[in-house]
Every structure is written in C-alpha cells, then in structure tokens.
Amino acid sequence: MKSTLSVVVAAGALALTGSAYASALAQFKTFVATTKAARGEFTQRQVKKTEGSKVSPPATGTFVFARPGKFIWTYQKPYDQLLQADGDQLYIYDKDLHQVTVKKLGNALGSSPAAILFGSNDLEKNFTLSEAGTRDGLEWLNATPKTKDTAFEQISIGLRNGAPEAMELKDAFGQTSLLAFQKFEKNPNLGAQQFKFVMPKGADVFNSN
C-alpha cells in the first residue's frame with residue numbers, strides 16, 4: 001500500500017463564490033485562480049478489485065500546500081510517513097525504516113494527482129478535464145492524464161460549496177485510492193521556511209533524480 005500512497009501525494013481545496021451547485025469545472029477553475037495555499041486533514045482508503053471489492057483500513061493525516069509545488073503530506077496512522085516538496089525536490093521519509101527517498105519534483109509531479117492540486121495553473125497541459133455529474137451530493141470532475149507514463153488512468157474530484165470533499169484515483173491495476181478531506185483552511189499564513197526539509201539525522205538517503 002505504501003508504494004501507491006507515495007505516488008498519490010495529493011490533497012487540496014477549492015474556493016468558489018456563488019452557487020453551491022455550480023459545475024465542478026467552474027468550481028475547480030475558481031479554486032486554481034484563488035487558492036494559493038491551504039491546509040487540512042485527510043482520510044485515505046484503498047479499494048482492490050478482487051472477487052469482491054476489498055477496502056483497506058483507513059490511513060489518516062494532515063496536509064499543507066502552497067502553489068506551485070510546495071507541500072507537506074503527513075501520514076499519521078496506521079504508520080508514519082512524510083512526503084514533502086520544497087518547489088524543487090520531493091522528499092519521501094519512511095519513519096519506520098528511517099529512510100529518505102529524494103526525487104526531482106518536476107519528474108515526480110508531471111501527470112500525478114499532486115500536479116492537479118499542488119502544481120502550476122497550467123493543468124490542461126497534462127490533463128483532459130471533463131464534468132462527471134453529481135454523486136453523493138458532490139459535483140464531480142474527471143481529470144484524465146494526456147500521457148501514458150503515469151500510474152493513474154483517471155482522477156476524479158468531488159466538490160461541494162467550492163471545496164473538494166473527495167478524490168478518487170484509479171490506477172492501471174484495478175485499484176482505486178479514495179481520499180476524503182476535512183477541516184480545510186484556505187490561504188493560511190505560512191512561514192517562509194515552512195517547506196524546507198530537514199534531513200533526519202542518521203537516515204539512509206536514496207537519490208532517484
């Protein structure tokens with residue numbers, strides 16, 4: 001499960017002034033234009049397609065991001081894992097193994113879910129965006145990667161009142177990661193050093209740039 005979670009690297013929020021029932025695409029474009037930073041909490045589950053859909057126990061944690069390409073995505077339960085980007089590099093710290101993997105942020109984002117919420121505003125360069133109707137009281141948006149070198153075949157975002165409440169990430173192996181967002185705060189005051197990664201003392205470091 002960890003490998004999938006490491007790829008996900010995603011969460012975020014949207015802000016919209018107007019009708020709570022505005023289209024998902026309209027909400028999303030308003031979000032991109034007005035939300036420069038955000039923080040909140042998340043719950044994540046993974047659904048595996050077997051003979052019956054098997055849902056994993058939930059993983060929970062917190063996130064904070066600042067556009068473009070700066071974020072801290074922290075898994076707190078059932079294990080400790082940190083994904084942190086400073087706008088240039090992505091650091092994945094597995095606390096149980098005391099191991100840090102370093103990647104060039106541009107290569108790590110690309111057509112990943114993180115690029116949708118944490119990246120630049122030029123999302124339609126890498127994704128085809130389309131309306132996906134209403135489900136569970138949310139307005140849904142589909143984002144399909146234009147390139148084939150991505151772990152995900154389709155990403156869906158569920159929006160309500162201008163904020164994302166859910167995200168679904170379907171990969172090529174028939175697995176779906178389900179994210180739910182809570183306690184979203186738009187454009188909080190963040191310190192200049194908020195996203196500077198401090199290498200844990202004695203950690204094994206793997207550079208995959």
# chains A, B, ... in the order shown; residues from 1 in each chain; ligands from 1
>>> residues_around(residues="Ser23 (chain A)", least_positions_apart="6", cutoff="10 Å", atoms="only C-alpha atoms", output="number ranges by chain")
A: 131-134, 138-141, 159-160, 162
>>> write_last_selection(atoms="C-alpha atoms", output="mmCIF file, in the first residue's frame")
data_model
loop_
_atom_site.group_PDB
_atom_site.id
_atom_site.type_symbol
_atom_site.label_atom_id
_atom_site.label_comp_id
_atom_site.auth_asym_id
_atom_site.auth_seq_id
_atom_site.Cartn_x
_atom_site.Cartn_y
_atom_site.Cartn_z
ATOM 1 C CA GLU A 131 -17.664 17.116 -15.988
ATOM 2 C CA ALA A 132 -18.669 13.848 -14.293
ATOM 3 C CA GLY A 133 -22.115 14.676 -12.916
ATOM 4 C CA THR A 134 -23.491 14.644 -9.378
ATOM 5 C CA LEU A 138 -20.982 16.298 -4.728
ATOM 6 C CA GLU A 139 -20.243 17.773 -8.153
ATOM 7 C CA TRP A 140 -17.599 15.596 -9.817
ATOM 8 C CA LEU A 141 -14.776 16.461 -12.193
ATOM 9 C CA LEU A 159 -16.667 19.247 -4.921
ATOM 10 C CA ARG A 160 -19.239 20.950 -2.720
ATOM 11 C CA GLY A 162 -16.299 25.334 -3.735
#
>>> select_by_dssp(residues="region 41-198 of chain A", states="helix (DSSP H, G or I)", output="number ranges by chain")
A: 105-109, 113-118, 123-125
>>> closest_residue(among="A:Pro164, A:Pro145, A:Gly40, A:Gly202", to="Phe71 (chain A)", atoms="only C-alpha atoms")
A:Gly40
>>> atom_distance(atom1="CA of Thr43 (chain A)", atom2="CA of Ala180 (chain A)")
5.2 Å
>>> closest_residue(among="A:Val47, A:Ala85, A:Ile116, A:Val102", to="Thr128 (chain A)", atoms="only C-alpha atoms")
A:Ile116
>>> select_by_dssp(residues="chain A", states="strand (DSSP E or B)", output="PyMOL selection string")
chain A and resi 37-49+53-55+59-66+70-77+81-86+89-94+99-104+127-135+138-145+152-160+163-171+175-186+204-207
